[in-house]
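entry-v8.pdb (PDB, C-alpha atoms) appears below.
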ATOM      1  CA  MET C  15     -47.283  22.995 -19.852
ATOM      2  CA  ILE C  16     -43.690  22.079 -20.381
ATOM      3  CA  PRO C  17     -42.052  19.066 -18.732
ATOM      4  CA  VAL C  18     -39.968  20.451 -15.931
ATOM      5  CA  THR C  19     -37.540  17.605 -16.324
ATOM      6  CA  HIS C  20     -36.459  19.030 -19.669
ATOM      7  CA  ALA C  21     -35.679  22.279 -17.902
ATOM      8  CA  PHE C  22     -33.464  20.273 -15.548
ATOM      9  CA  TYR C  23     -31.698  18.837 -18.576
ATOM     10  CA  LEU C  24     -31.091  22.346 -19.849
ATOM     11  CA  ALA C  25     -29.856  23.529 -16.452
ATOM     12  CA  THR C  26     -27.435  20.596 -16.297
ATOM     13  CA  GLY C  27     -26.239  21.328 -19.817
ATOM     14  CA  LEU C  28     -25.592  24.985 -19.018
ATOM     15  CA  LEU C  29     -23.770  24.065 -15.834
ATOM     16  CA  LEU C  30     -21.582  21.526 -17.615
ATOM     17  CA  VAL C  31     -20.775  23.882 -20.482
ATOM     18  CA  GLY C  32     -19.799  26.502 -17.919
ATOM     19  CA  LEU C  33     -17.745  23.998 -15.947
ATOM     20  CA  ALA C  34     -15.923  22.857 -19.070
ATOM     21  CA  GLY C  35     -15.234  26.443 -20.073
ATOM     22  CA  ALA C  36     -13.988  27.410 -16.624
ATOM     23  CA  LEU C  37     -11.638  24.435 -16.473
ATOM     24  CA  LEU C  38     -10.419  24.264 -20.039
ATOM     25  CA  LEU C  39     -10.374  27.776 -21.464
ATOM     26  CA  ARG C  40      -7.478  30.118 -20.868
ATOM     27  CA  PRO C  41      -8.767  33.535 -22.018
ATOM     28  CA  ARG C  42      -9.966  35.630 -19.117
ATOM     29  CA  LEU C  43     -13.230  36.884 -20.582
ATOM     30  CA  GLN C  44     -14.301  33.400 -21.675
ATOM     31  CA  ARG C  45     -13.489  32.040 -18.236
ATOM     32  CA  LEU C  46     -15.572  34.789 -16.645
ATOM     33  CA  LEU C  47     -18.504  33.998 -18.953
ATOM     34  CA  ALA C  48     -18.111  30.310 -18.099
ATOM     35  CA  LEU C  49     -18.461  31.097 -14.394
ATOM     36  CA  GLN C  50     -21.586  33.090 -15.181
ATOM     37  CA  LEU C  51     -22.971  30.088 -17.084
ATOM     38  CA  ILE C  52     -22.527  27.964 -13.960
ATOM     39  CA  PHE C  53     -24.557  30.496 -12.003
ATOM     40  CA  LEU C  54     -27.202  30.513 -14.742
ATOM     41  CA  GLY C  55     -27.523  26.731 -14.555
ATOM     42  CA  ALA C  56     -28.049  26.863 -10.803
ATOM     43  CA  HIS C  57     -30.519  29.719 -11.234
ATOM     44  CA  LEU C  58     -32.593  27.757 -13.759
ATOM     45  CA  ALA C  59     -32.526  24.624 -11.597
ATOM     46  CA  LEU C  60     -33.896  26.609  -8.649
ATOM     47  CA  VAL C  61     -36.698  28.151 -10.728
ATOM     48  CA  THR C  62     -37.585  24.688 -12.035
ATOM     49  CA  ALA C  63     -37.584  23.191  -8.547
ATOM     50  CA  ALA C  64     -39.907  25.959  -7.409
ATOM     51  CA  ARG C  65     -42.258  25.041 -10.245
ATOM     52  CA  ILE C  66     -42.210  21.344  -9.310
ATOM     53  CA  TRP C  67     -43.232  21.812  -5.702
ATOM     54  CA  ALA C  68     -45.153  25.063  -6.247
ATOM     55  CA  LEU C  69     -43.088  26.779  -3.573
ATOM     56  CA  HIS C  70     -41.821  30.313  -3.705
ATOM     57  CA  ASP C  71     -38.693  29.504  -1.751
ATOM     58  CA  GLY C  72     -37.073  28.346  -4.975
ATOM     59  CA  HIS C  73     -37.850  31.720  -6.532
ATOM     60  CA  ALA C  74     -36.339  33.482  -3.541
ATOM     61  CA  PHE C  75     -33.147  31.472  -3.778
ATOM     62  CA  ALA C  76     -33.048  31.939  -7.560
ATOM     63  CA  LEU C  77     -33.134  35.667  -6.909
ATOM     64  CA  VAL C  78     -30.286  35.255  -4.430
ATOM     65  CA  THR C  79     -28.311  33.278  -7.039
ATOM     66  CA  ALA C  80     -28.805  35.969  -9.675
ATOM     67  CA  ALA C  81     -27.686  38.629  -7.212
ATOM     68  CA  LEU C  82     -24.629  36.560  -6.303
ATOM     69  CA  ALA C  83     -23.756  36.176  -9.981
ATOM     70  CA  LEU C  84     -23.994  39.935 -10.416
ATOM     71  CA  THR C  85     -21.867  40.458  -7.320
ATOM     72  CA  GLN C  86     -19.209  38.051  -8.545
ATOM     73  CA  LEU C  87     -19.217  39.753 -11.926
ATOM     74  CA  ALA C  88     -18.847  43.231 -10.443
ATOM     75  CA  ILE C  89     -15.772  42.247  -8.464
ATOM     76  CA  THR C  90     -14.024  39.784 -10.733
ATOM     77  CA  ALA C  91     -14.500  41.496 -14.090
ATOM     78  CA  PRO C  92     -12.107  44.404 -13.398
ATOM     79  CA  LEU C  93      -9.695  42.037 -11.697
ATOM     80  CA  ALA C  94      -9.789  39.457 -14.470
ATOM     81  CA  LEU C  95      -9.494  41.982 -17.258
ATOM     82  CA  HIS C  96      -6.426  43.680 -15.777
ATOM     83  CA  LEU C  97      -8.010  46.956 -14.862
ATOM     84  CA  LEU C  98      -6.172  47.049 -11.586
ATOM     85  CA  PRO C  99      -3.021  49.124 -11.198
ATOM     86  CA  THR C 100       0.041  46.963 -11.533
ATOM     87  CA  ARG C 101       2.836  47.425  -9.015
ATOM     88  CA  ARG C 102       6.109  47.863 -10.878
ATOM     89  CA  PRO C 103       9.431  46.980  -9.261
ATOM     90  CA  GLY C 104      11.347  49.996  -8.037
ATOM     91  CA  PRO C 105      14.769  51.041  -9.277
TER      92      PRO C 105
ATOM     93  CA  MET T  27     -46.358  19.032 -30.043
ATOM     94  CA  SER T  28     -47.902  22.119 -28.497
ATOM     95  CA  PRO T  29     -46.697  25.612 -29.389
ATOM     96  CA  GLN T  30     -45.538  26.091 -25.788
ATOM     97  CA  LEU T  31     -43.302  23.057 -26.074
ATOM     98  CA  LEU T  32     -41.946  24.274 -29.403
ATOM     99  CA  VAL T  33     -41.085  27.649 -27.869
ATOM    100  CA  PHE T  34     -39.391  25.900 -24.967
ATOM    101  CA  TYR T  35     -37.269  23.684 -27.191
ATOM    102  CA  ALA T  36     -36.333  26.611 -29.412
ATOM    103  CA  ALA T  37     -35.354  28.711 -26.395
ATOM    104  CA  ALA T  38     -33.378  25.831 -24.893
ATOM    105  CA  ALA T  39     -31.509  25.270 -28.150
ATOM    106  CA  LEU T  40     -30.766  28.985 -28.413
ATOM    107  CA  ALA T  41     -29.552  29.084 -24.806
ATOM    108  CA  LEU T  42     -27.117  26.223 -25.336
ATOM    109  CA  LEU T  43     -26.006  27.528 -28.734
ATOM    110  CA  GLY T  44     -25.408  30.992 -27.318
ATOM    111  CA  ALA T  45     -23.442  29.539 -24.408
ATOM    112  CA  LEU T  46     -21.205  27.477 -26.679
ATOM    113  CA  LEU T  47     -20.623  30.327 -29.115
ATOM    114  CA  ALA T  48     -19.975  32.829 -26.311
ATOM    115  CA  LEU T  49     -17.197  30.609 -25.007
ATOM    116  CA  THR T  50     -15.629  30.006 -28.400
ATOM    117  CA  ARG T  51     -15.648  33.546 -29.835
ATOM    118  CA  THR T  52     -12.364  35.384 -29.654
ATOM    119  CA  ARG T  53     -13.727  38.902 -30.028
ATOM    120  CA  PRO T  54     -15.207  40.218 -26.749
ATOM    121  CA  GLN T  55     -18.122  42.004 -28.392
ATOM    122  CA  ALA T  56     -19.144  38.853 -30.286
ATOM    123  CA  ALA T  57     -18.822  36.749 -27.132
ATOM    124  CA  LEU T  58     -21.008  39.199 -25.188
ATOM    125  CA  ARG T  59     -23.591  39.208 -27.990
ATOM    126  CA  TRP T  60     -23.928  35.415 -27.873
ATOM    127  CA  PHE T  61     -24.006  35.475 -24.070
ATOM    128  CA  GLY T  62     -26.883  37.964 -24.313
ATOM    129  CA  LEU T  63     -28.725  35.472 -26.514
ATOM    130  CA  THR T  64     -28.385  32.847 -23.771
ATOM    131  CA  LEU T  65     -29.700  35.284 -21.170
ATOM    132  CA  GLY T  66     -32.697  36.232 -23.329
ATOM    133  CA  ALA T  67     -33.563  32.584 -23.973
ATOM    134  CA  LEU T  68     -33.409  31.880 -20.235
ATOM    135  CA  VAL T  69     -35.824  34.705 -19.522
ATOM    136  CA  VAL T  70     -38.297  33.138 -21.972
ATOM    137  CA  ILE T  71     -37.925  29.743 -20.282
ATOM    138  CA  GLU T  72     -38.432  31.266 -16.827
ATOM    139  CA  HIS T  73     -41.628  32.876 -18.070
ATOM    140  CA  GLN T  74     -42.767  29.466 -19.306
ATOM    141  CA  LEU T  75     -42.035  27.977 -15.890
ATOM    142  CA  ILE T  76     -44.631  30.361 -14.404
ATOM    143  CA  ALA T  77     -42.097  32.665 -12.820
ATOM    144  CA  PRO T  78     -42.947  36.031 -14.396
ATOM    145  CA  THR T  79     -41.552  38.096 -11.528
ATOM    146  CA  ILE T  80     -38.289  36.178 -11.537
ATOM    147  CA  ALA T  81     -38.164  36.518 -15.329
ATOM    148  CA  LEU T  82     -38.593  40.299 -15.036
ATOM    149  CA  LEU T  83     -36.015  40.613 -12.266
ATOM    150  CA  SER T  84     -33.634  38.329 -14.151
ATOM    151  CA  LEU T  85     -34.057  40.508 -17.227
ATOM    152  CA  LEU T  86     -33.040  43.546 -15.168
ATOM    153  CA  PHE T  87     -30.108  41.687 -13.584
ATOM    154  CA  PHE T  88     -28.952  40.228 -16.893
ATOM    155  CA  ALA T  89     -29.210  43.600 -18.629
ATOM    156  CA  ALA T  90     -27.139  45.161 -15.841
ATOM    157  CA  ALA T  91     -24.563  42.365 -16.130
ATOM    158  CA  ALA T  92     -24.337  42.673 -19.920
ATOM    159  CA  ALA T  93     -24.022  46.471 -19.730
ATOM    160  CA  TYR T  94     -21.345  46.179 -17.046
ATOM    161  CA  LEU T  95     -19.368  43.649 -19.076
ATOM    162  CA  ALA T  96     -19.649  45.840 -22.170
ATOM    163  CA  VAL T  97     -18.338  48.844 -20.192
ATOM    164  CA  ILE T  98     -15.480  46.787 -18.778
ATOM    165  CA  ALA T  99     -14.572  45.432 -22.210
ATOM    166  CA  GLY T 100     -14.643  48.958 -23.606
ATOM    167  CA  HIS T 101     -12.392  50.178 -20.776
ATOM    168  CA  ALA T 102      -9.907  47.393 -21.375
ATOM    169  CA  GLU T 103      -9.837  47.956 -25.123
ATOM    170  CA  ALA T 104      -9.485  51.717 -24.732
ATOM    171  CA  ALA T 105      -6.650  51.296 -22.287
ATOM    172  CA  ALA T 106      -4.852  49.064 -24.799
ATOM    173  CA  LEU T 107      -3.818  46.730 -22.071
ATOM    174  CA  ALA T 108      -3.360  43.025 -22.616
ATOM    175  CA  PRO T 109      -5.880  41.762 -25.146
ATOM    176  CA  LEU T 110      -9.017  40.416 -23.530
ATOM    177  CA  THR T 111      -8.934  37.123 -25.317
ATOM    178  CA  ALA T 112      -5.263  36.427 -24.879
ATOM    179  CA  PRO T 113      -4.061  34.152 -22.118
ATOM    180  CA  PRO T 114      -2.638  36.010 -19.104
ATOM    181  CA  THR T 115       0.910  34.987 -19.855
ATOM    182  CA  ALA T 116       0.845  35.659 -23.587
ATOM    183  CA  ALA T 117       2.857  38.543 -24.931
ATOM    184  CA  ALA T 118       0.965  41.418 -26.529
ATOM    185  CA  PRO T 119       0.955  41.233 -30.311
ATOM    186  CA  SER T 120       3.045  43.813 -32.049
ATOM    187  CA  LEU T 121       2.030  45.485 -35.279
ATOM    188  CA  ALA T 122       5.541  46.615 -36.050
ATOM    189  CA  PRO T 123       7.500  44.543 -38.591
ATOM    190  CA  PRO T 124      10.022  42.190 -37.061
ATOM    191  CA  PRO T 125      13.647  43.286 -37.043
ATOM    192  CA  ALA T 126      15.816  42.057 -39.849
ATOM    193  CA  SER T 127      17.751  39.782 -37.565
ATOM    194  CA  ALA T 128      14.624  38.094 -36.225
ATOM    195  CA  PRO T 129      14.072  34.575 -37.515
ATOM    196  CA  LEU T 130      11.056  34.211 -39.783
ATOM    197  CA  SER T 131      10.186  30.713 -38.649
ATOM    198  CA  PRO T 132       9.053  29.972 -35.084
ATOM    199  CA  PRO T 133      11.661  28.648 -32.731
ATOM    200  CA  PRO T 134      12.018  24.887 -32.785
ATOM    201  CA  ALA T 135      10.762  24.592 -29.200
ATOM    202  CA  ALA T 136       7.342  26.017 -30.125
ATOM    203  CA  ALA T 137       5.931  22.827 -31.611
ATOM    204  CA  PRO T 138       6.721  20.534 -28.630
ATOM    205  CA  ARG T 139       5.377  23.215 -26.286
ATOM    206  CA  ARG T 140       2.142  23.357 -28.255
ATOM    207  CA  LEU T 141       1.953  19.571 -28.218
ATOM    208  CA  ARG T 142       2.484  19.502 -24.463
ATOM    209  CA  ARG T 143      -0.218  22.134 -23.992
ATOM    210  CA  THR T 144      -2.654  20.166 -26.151
ATOM    211  CA  ARG T 145      -1.899  17.000 -24.200
ATOM    212  CA  ALA T 146      -2.432  18.835 -20.912
ATOM    213  CA  THR T 147      -5.755  20.193 -22.161
ATOM    214  CA  TYR T 148      -6.934  16.722 -23.119
ATOM    215  CA  ALA T 149      -5.715  15.330 -19.811
ATOM    216  CA  ARG T 150      -7.858  17.883 -18.041
ATOM    217  CA  ALA T 151     -10.805  17.319 -20.406
ATOM    218  CA  LEU T 152     -11.060  13.558 -19.986
ATOM    219  CA  PRO T 153     -12.015  13.524 -16.266
ATOM    220  CA  LEU T 154     -14.342  16.410 -16.983
ATOM    221  CA  LEU T 155     -16.045  14.448 -19.728
ATOM    222  CA  ALA T 156     -16.490  11.545 -17.315
ATOM    223  CA  VAL T 157     -18.076  13.843 -14.746
ATOM    224  CA  ALA T 158     -20.285  15.381 -17.423
ATOM    225  CA  ALA T 159     -21.478  11.984 -18.626
ATOM    226  CA  LEU T 160     -22.221  10.906 -15.058
ATOM    227  CA  ALA T 161     -24.168  14.097 -14.331
ATOM    228  CA  TRP T 162     -26.102  13.737 -17.575
ATOM    229  CA  VAL T 163     -27.015  10.113 -16.823
ATOM    230  CA  LEU T 164     -28.015  10.919 -13.235
ATOM    231  CA  THR T 165     -30.171  13.810 -14.372
ATOM    232  CA  GLY T 166     -31.754  11.656 -17.044
ATOM    233  CA  THR T 167     -32.454   8.802 -14.638
ATOM    234  CA  TRP T 168     -34.017  11.134 -12.153
ATOM    235  CA  ALA T 169     -35.941  12.969 -14.863
ATOM    236  CA  ARG T 170     -37.478   9.824 -16.322
ATOM    237  CA  GLN T 171     -38.891   8.942 -12.927
ATOM    238  CA  HIS T 172     -40.500  12.349 -12.537
ATOM    239  CA  ALA T 173     -41.591  13.205 -16.067
ATOM    240  CA  TRP T 174     -44.404  15.487 -15.067
ATOM    241  CA  PRO T 175     -45.078  19.178 -15.519
ATOM    242  CA  GLY T 176     -45.077  20.037 -11.830
ATOM    243  CA  GLN T 177     -47.912  20.493  -9.378
ATOM    244  CA  GLU T 178     -51.284  21.478 -10.709
ATOM    245  CA  LEU T 179     -51.905  25.156 -10.193
ATOM    246  CA  ALA T 180     -55.255  26.848 -10.379
ATOM    247  CA  PRO T 181     -55.377  29.843 -12.732
ATOM    248  CA  SER T 182     -56.111  32.110  -9.782
ATOM    249  CA  ALA T 183     -53.341  30.684  -7.598
ATOM    250  CA  GLY T 184     -51.106  33.666  -8.269
ATOM    251  CA  PHE T 185     -48.030  31.492  -8.401
ATOM    252  CA  GLY T 186     -44.913  33.407  -9.375
ATOM    253  CA  GLY T 187     -46.429  36.790  -8.646
ATOM    254  CA  LEU T 188     -44.689  39.678  -6.964
ATOM    255  CA  SER T 189     -46.724  39.513  -3.747
ATOM    256  CA  ALA T 190     -45.994  35.816  -3.239
ATOM    257  CA  LEU T 191     -42.304  36.375  -3.897
ATOM    258  CA  THR T 192     -42.064  39.282  -1.499
ATOM    259  CA  SER T 193     -43.873  37.357   1.224
ATOM    260  CA  ALA T 194     -41.493  34.412   0.705
ATOM    261  CA  LEU T 195     -38.527  36.755   0.856
ATOM    262  CA  ALA T 196     -39.748  38.811   3.769
ATOM    263  CA  ASP T 197     -40.790  36.056   6.106
ATOM    264  CA  PRO T 198     -38.536  32.966   6.056
ATOM    265  CA  HIS T 199     -35.639  34.337   4.008
ATOM    266  CA  LEU T 200     -35.265  37.827   5.430
ATOM    267  CA  GLY T 201     -31.677  37.188   6.465
ATOM    268  CA  ALA T 202     -30.757  36.036   2.967
ATOM    269  CA  LEU T 203     -32.486  39.084   1.487
ATOM    270  CA  ILE T 204     -30.546  41.479   3.727
ATOM    271  CA  ALA T 205     -27.304  39.648   2.966
ATOM    272  CA  VAL T 206     -27.963  39.872  -0.770
ATOM    273  CA  VAL T 207     -28.718  43.584  -0.618
ATOM    274  CA  LEU T 208     -25.522  44.196   1.344
ATOM    275  CA  LEU T 209     -23.484  41.996  -1.012
ATOM    276  CA  VAL T 210     -24.758  43.761  -4.105
ATOM    277  CA  LEU T 211     -24.102  47.144  -2.507
ATOM    278  CA  VAL T 212     -20.553  46.183  -1.546
ATOM    279  CA  ALA T 213     -19.944  44.676  -4.982
ATOM    280  CA  ALA T 214     -21.216  47.763  -6.776
ATOM    281  CA  VAL T 215     -19.024  50.066  -4.693
ATOM    282  CA  GLY T 216     -16.088  47.672  -5.028
ATOM    283  CA  GLY T 217     -16.473  47.369  -8.796
ATOM    284  CA  LEU T 218     -16.620  51.148  -9.211
ATOM    285  CA  ALA T 219     -13.592  51.543  -6.931
ATOM    286  CA  LEU T 220     -11.626  48.973  -8.952
ATOM    287  CA  LEU T 221     -12.524  50.717 -12.198
ATOM    288  CA  GLY T 222     -11.497  54.085 -10.755
ATOM    289  CA  ALA T 223      -8.254  52.636  -9.407
ATOM    290  CA  GLY T 224      -7.416  51.177 -12.806
ATOM    291  CA  ASP T 225      -8.145  54.456 -14.591
ATOM    292  CA  GLY T 226      -6.141  56.467 -12.039
ATOM    293  CA  ALA T 227      -3.154  54.158 -12.305
ATOM    294  CA  ARG T 228      -3.070  54.448 -16.098
ATOM    295  CA  ARG T 229      -3.138  58.256 -15.910
TER     296      ARG T 229
END

Write the structure described by the file as structure tokens, please.
Amino acid sequence: MIPVTHAFYLATGLLLVGLAGALLLRPRLQRLLALQLIFLGAHLALVTAARIWALHDGHAFALVTAALALTQLAITAPLALHLLPTRRPGP
Amino acid sequence: MSPQLLVFYAAAALALLGALLALTRTRPQAALRWFGLTLGALVVIEHQLIAPTIALLSLLFFAAAAAYLAVIAGHAEAAALAPLTAPPTAAAPSLAPPPASAPLSPPPAAAPRRLRRTRATYARALPLLAVAALAWVLTGTWARQHAWPGQELAPSAGFGGLSALTSALADPHLGALIAVVLLVLVAAVGGLALLGAGDGARR
């Protein structure tokens, strides 16, 4: 048995590291990874909450969070990494 | 200290270390490698929190995310667009030697600009540090009051199994499940369309 409170500490740490990276870092890839870290912190907090109260609703919402993180990644990664066509000014 | 606790602490340390190193690496492949370490450590922790189905699904999701990021990074590098780790406004580095008339020393305005940028970074970091300290203290206060391993579960309770998860998803959270499936579908199609649009524009 592991103390679930320590898992909450870890989730908070991941969320704060991600928040700091998203606010302070300028490179696009690092900022994208920082946003993913925020999602990971929320995901871990939900799994831990499900363990505390022995409810599967936390697992369901953790699954939703992971899917949302994947969705955000799929859309923002090409945008953030400049894979979109750039409109050049005409002559 | 039990072996389970040791594994948890090791995985937690690896998760935080991987997160910090992923954000501080300048090479995309190295950053993705450290991010993968964080994801793997989280899967171990989820398994320890009696969520084997979520751990398995997270492993699939995380593997898909890491593979997608690796493909995107490869696309960006192959296209020789702006470097991935450069700020959006930075000019692309040139390998050609500077012209003879170019000054060898940086312009005199570079140092004050760097100083201003550093000051702005610290100005943004200080409120963030305050928020971080507050969140850490609140979590710690709450955690000390509830320092317990969670509800007692019988070995045959089946907590964290696939059937329990599907029943939780199918009954009270069916709307969320349908929304997630639609979102992932739209995101997958959208991501592929964006990649194709970028490739087509470069050709």

On this file, the PyMOL selection byres ((chain C) within 8 of (chain T)) gives some set of residues; write that set as a ChimeraX atom specification.
/C:15-20,22-24,26-28,30-31,34-35,37-38,40-45,47-48,51,58,61-62,65-68,70-71,73-74,76-78,80-82,84-89,91-93,95-100

What does the distance from atom CA of Val163 of chain T to atom CA of Leu39 of chain C come to in Å, to one decimal?
24.7 Å

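In this model, the gap between atom CA of Gly72 of chain C and atom CA of Leu60 of chain C comes to 5.2 Å.
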